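One structure below.
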There are 2 protein chains.
Amino acid sequence: MDIITISREFGSGGREVGMKLAEHLDFDYYDKEIIAEIAKNKELEEDFVERALEDQGWKNIPLTYHGSFGYLMQPINVDVLLEQKRVVEGIAKAGRDCIIVGRNADTILEAYQPFNLFLCADMESKMNRCRRRAPEGEQLSDKELIRKINKVDKGRARTREIISGSAWGDRGAYHLTLNTASWEIEEITVALADFVKAWFERPNRC
Amino acid sequence: MDIITISREFGSGGREVGMKLAEHLDFDYYDKEIIAEIAKNKELEEDFVERALEDQGWKNIPLTYHGSFGYLMQPINVDVLLEQKRVVEGIAKAGRDCIIVGRNADTILEAYQPFNLFLCADMESKMNRCRRRAPEGEQLSDKELIRKINKVDKGRARTREIISGSAWGDRGAYHLTLNTASWEIEEITVALADFVKAWFERPNRC
């Protein structure tokens, strides 16, 4: 079984790369489905789950508890986080080739040795992509959009910091960090599919 | 003409990837040759040129001069730096497909739109590689080797900071950041060659 995890800067095209890559490789694809599953299992609203998993769940107060550093967490958010872990592990246990976007799947599924991909892009490209995909009626100024992009990424970084040791976006934590700015997603995914296949088929894979 | 630049953490396999990739793609390969050319043109020792280009040339005193921030530079080092720029530009002007390892070629040759690759690896892999390639008789303790690796990278980061705006190793500054730790260089270069070819052949390349 081969697993690909995709972490990404907001607006760098993570969902699109994930979906097209899944198509090319004939892998299952998971993204929002995981949120839906957690919400169903915990009888919560999907919106609440999404917010609980991206920053909003953690208060901004660093704590020292019995000598170790931590964050103040609402019990409900701890619960959502544990359910996320169970759902993501459940996907891996099903044993099918799959791509998981976000959800810190790279750290949760470390034992399965997934291929961990990180996507980034310059701010202008990310703003353009966000504008093309904005919900109808959303009219953010440049300044507001930049603030939104930075806020989402900050939340992702914070959640990762809590779940795992390594920093979000740190090059050493991923097999490949790809800048999506200079070419089309369709072209990227064709090239990427071959690259990832070579990695999974390497002779010394254990 | 296609140009690939390779920046890298010390010990991550930059030279080896560069040479094998050049073989696979039938590109010219430049690394130490650039140092030799600068030394010849400026009538200096190669060792001196190498040190002048990697940290040793810059004093550790940040300066403010007429309101702008800078470093105290020896005139001879400025000279070496300018000669490096001329030599690297000369390679590009020759118009042949090539790979250049180090020398901040990605920033010097920005106008040529090279494919900019950054290589990294975890400390253990880098130490193993350094030990395998150490000059005969070099017997560094783990602590000394880690110090050496960090020192070289710090020098590279400083030189880049002086030459260009973007930070060394910053994911946004490269098209691809590749962790060389989990597979063999030979396998990496085969996969990488196809990936880079796809990038150069993308339909919207201008």
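For the structure tokens, the naming scheme is as follows: chains receive sequential letters (A, B, ...) according to their order of presentation, residues are indexed from 1 within each chain, and ligands are indexed from 1 in presentation order.
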Please return, as a PyMOL selection string, all residues of chain A lying within 12 Å of chain B when only C-alpha atoms are considered. chain A and resi 8-9+12+113-126+169-206
To test your reading of the structure, identify every residue in stretch 99-160 of chain B that backbone DSSP assigns to strand (DSSP E or B), and report it as a PyMOL selection string. chain B and resi 99-101+115-120
Give me the residues within 7 Å of stretch 138-146 of chain B as a ChimeraX atom specification, counting only C-alpha atoms and dropping any in the same chain fewer than 4 places off. /B:127,134,150
Sorted by chain and rising residue number, which residues of stretch 51-169 of chain B lie within 12 Å of stretch 17-39 of chain B, and what are their closest atom pairs and distances in Å to one decimal, counting only C-alpha atoms, as JSON lines?
{"residue": "B:Arg51", "atom": "CA", "partner": "B:Ile35", "partner_atom": "CA", "distance": 10.2}
{"residue": "B:Ala52", "atom": "CA", "partner": "B:Ile35", "partner_atom": "CA", "distance": 10.4}
{"residue": "B:Leu53", "atom": "CA", "partner": "B:Ile35", "partner_atom": "CA", "distance": 9.1}
{"residue": "B:Glu54", "atom": "CA", "partner": "B:Ile35", "partner_atom": "CA", "distance": 11.4}
{"residue": "B:Asn77", "atom": "CA", "partner": "B:Ile38", "partner_atom": "CA", "distance": 11.7}
{"residue": "B:Asp79", "atom": "CA", "partner": "B:Ile38", "partner_atom": "CA", "distance": 10.0}
{"residue": "B:Val80", "atom": "CA", "partner": "B:Ile38", "partner_atom": "CA", "distance": 7.1}
{"residue": "B:Leu81", "atom": "CA", "partner": "B:Ile38", "partner_atom": "CA", "distance": 9.2}
{"residue": "B:Leu82", "atom": "CA", "partner": "B:Ile38", "partner_atom": "CA", "distance": 9.6}
{"residue": "B:Glu83", "atom": "CA", "partner": "B:Ile38", "partner_atom": "CA", "distance": 6.1}
{"residue": "B:Gln84", "atom": "CA", "partner": "B:Ile38", "partner_atom": "CA", "distance": 6.2}
{"residue": "B:Lys85", "atom": "CA", "partner": "B:Ile38", "partner_atom": "CA", "distance": 9.6}
{"residue": "B:Arg86", "atom": "CA", "partner": "B:Ile38", "partner_atom": "CA", "distance": 8.9}
{"residue": "B:Val87", "atom": "CA", "partner": "B:Ile34", "partner_atom": "CA", "distance": 6.8}
{"residue": "B:Val88", "atom": "CA", "partner": "B:Ile34", "partner_atom": "CA", "distance": 7.3}
{"residue": "B:Glu89", "atom": "CA", "partner": "B:Ile34", "partner_atom": "CA", "distance": 10.9}
{"residue": "B:Gly90", "atom": "CA", "partner": "B:Ile34", "partner_atom": "CA", "distance": 10.3}
{"residue": "B:Ile91", "atom": "CA", "partner": "B:Tyr30", "partner_atom": "CA", "distance": 8.8}
{"residue": "B:Ala92", "atom": "CA", "partner": "B:Asp28", "partner_atom": "CA", "distance": 10.9}
{"residue": "B:Ala94", "atom": "CA", "partner": "B:Asp28", "partner_atom": "CA", "distance": 11.0}
{"residue": "B:Gly95", "atom": "CA", "partner": "B:Asp28", "partner_atom": "CA", "distance": 10.7}
{"residue": "B:Arg96", "atom": "CA", "partner": "B:Asp28", "partner_atom": "CA", "distance": 7.3}
{"residue": "B:Asp97", "atom": "CA", "partner": "B:Phe27", "partner_atom": "CA", "distance": 5.2}
{"residue": "B:Cys98", "atom": "CA", "partner": "B:Asp28", "partner_atom": "CA", "distance": 4.4}
{"residue": "B:Ile99", "atom": "CA", "partner": "B:Tyr29", "partner_atom": "CA", "distance": 5.0}
{"residue": "B:Ile100", "atom": "CA", "partner": "B:Tyr30", "partner_atom": "CA", "distance": 4.8}
{"residue": "B:Val101", "atom": "CA", "partner": "B:Asp31", "partner_atom": "CA", "distance": 5.2}
{"residue": "B:Gly102", "atom": "CA", "partner": "B:Asp31", "partner_atom": "CA", "distance": 7.0}
{"residue": "B:Arg103", "atom": "CA", "partner": "B:Asp31", "partner_atom": "CA", "distance": 8.1}
{"residue": "B:Asn104", "atom": "CA", "partner": "B:Asp31", "partner_atom": "CA", "distance": 11.3}
{"residue": "B:Ala105", "atom": "CA", "partner": "B:Tyr30", "partner_atom": "CA", "distance": 10.4}
{"residue": "B:Asn116", "atom": "CA", "partner": "B:Gly18", "partner_atom": "CA", "distance": 12.0}
{"residue": "B:Leu117", "atom": "CA", "partner": "B:Gly18", "partner_atom": "CA", "distance": 10.0}
{"residue": "B:Phe118", "atom": "CA", "partner": "B:Val17", "partner_atom": "CA", "distance": 10.9}
{"residue": "B:Leu119", "atom": "CA", "partner": "B:Val17", "partner_atom": "CA", "distance": 9.0}
{"residue": "B:Cys120", "atom": "CA", "partner": "B:Val17", "partner_atom": "CA", "distance": 11.6}
Selection from above, C-alpha atoms, as a PDB file, in the first residue's frame, can you write it?
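This is the output file part18.pdb:
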ATOM      1  CA  ARG B  51      37.274  30.771   1.650  1.00  0.00           C
ATOM      2  CA  ALA B  52      36.574  34.300   0.417  1.00  0.00           C
ATOM      3  CA  LEU B  53      33.297  33.067  -1.102  1.00  0.00           C
ATOM      4  CA  GLU B  54      32.122  31.079   1.893  1.00  0.00           C
ATOM      5  CA  ASN B  77      36.608  39.783  -1.293  1.00  0.00           C
ATOM      6  CA  ASP B  79      36.640  41.657  -6.086  1.00  0.00           C
ATOM      7  CA  VAL B  80      36.349  37.859  -5.832  1.00  0.00           C
ATOM      8  CA  LEU B  81      32.581  38.137  -5.537  1.00  0.00           C
ATOM      9  CA  LEU B  82      32.351  40.275  -8.665  1.00  0.00           C
ATOM     10  CA  GLU B  83      34.627  37.892 -10.545  1.00  0.00           C
ATOM     11  CA  GLN B  84      32.360  35.004  -9.472  1.00  0.00           C
ATOM     12  CA  LYS B  85      29.422  36.887 -10.952  1.00  0.00           C
ATOM     13  CA  ARG B  86      31.327  37.401 -14.221  1.00  0.00           C
ATOM     14  CA  VAL B  87      32.394  33.757 -14.453  1.00  0.00           C
ATOM     15  CA  VAL B  88      28.885  32.420 -13.711  1.00  0.00           C
ATOM     16  CA  GLU B  89      27.348  34.837 -16.235  1.00  0.00           C
ATOM     17  CA  GLY B  90      29.988  33.760 -18.729  1.00  0.00           C
ATOM     18  CA  ILE B  91      28.848  30.147 -18.414  1.00  0.00           C
ATOM     19  CA  ALA B  92      25.260  31.153 -19.144  1.00  0.00           C
ATOM     20  CA  ALA B  94      28.054  30.402 -23.676  1.00  0.00           C
ATOM     21  CA  GLY B  95      24.500  29.173 -24.298  1.00  0.00           C
ATOM     22  CA  ARG B  96      24.925  25.480 -23.513  1.00  0.00           C
ATOM     23  CA  ASP B  97      22.602  23.421 -21.274  1.00  0.00           C
ATOM     24  CA  CYS B  98      24.300  23.236 -17.879  1.00  0.00           C
ATOM     25  CA  ILE B  99      24.107  22.453 -14.188  1.00  0.00           C
ATOM     26  CA  ILE B 100      25.801  24.757 -11.694  1.00  0.00           C
ATOM     27  CA  VAL B 101      26.290  23.631  -8.102  1.00  0.00           C
ATOM     28  CA  GLY B 102      26.483  26.400  -5.503  1.00  0.00           C
ATOM     29  CA  ARG B 103      27.946  29.855  -6.209  1.00  0.00           C
ATOM     30  CA  ASN B 104      24.509  31.475  -5.765  1.00  0.00           C
ATOM     31  CA  ALA B 105      23.994  30.824  -9.465  1.00  0.00           C
ATOM     32  CA  ASN B 116      16.435  26.099  -9.030  1.00  0.00           C
ATOM     33  CA  LEU B 117      16.857  22.992  -6.905  1.00  0.00           C
ATOM     34  CA  PHE B 118      17.653  22.865  -3.182  1.00  0.00           C
ATOM     35  CA  LEU B 119      18.857  19.654  -1.539  1.00  0.00           C
ATOM     36  CA  CYS B 120      18.572  18.850   2.140  1.00  0.00           C
TER      37      CYS B 120
END
Apply DSSP to the structure's backbone, then extract all residues of stretch 86-186 of chain A labelled helix (DSSP H, G or I) and return them as an NGL selection string. :A and (86-93 or 105-108 or 110-112 or 123-132 or 142-163 or 171-173 or 185-186)
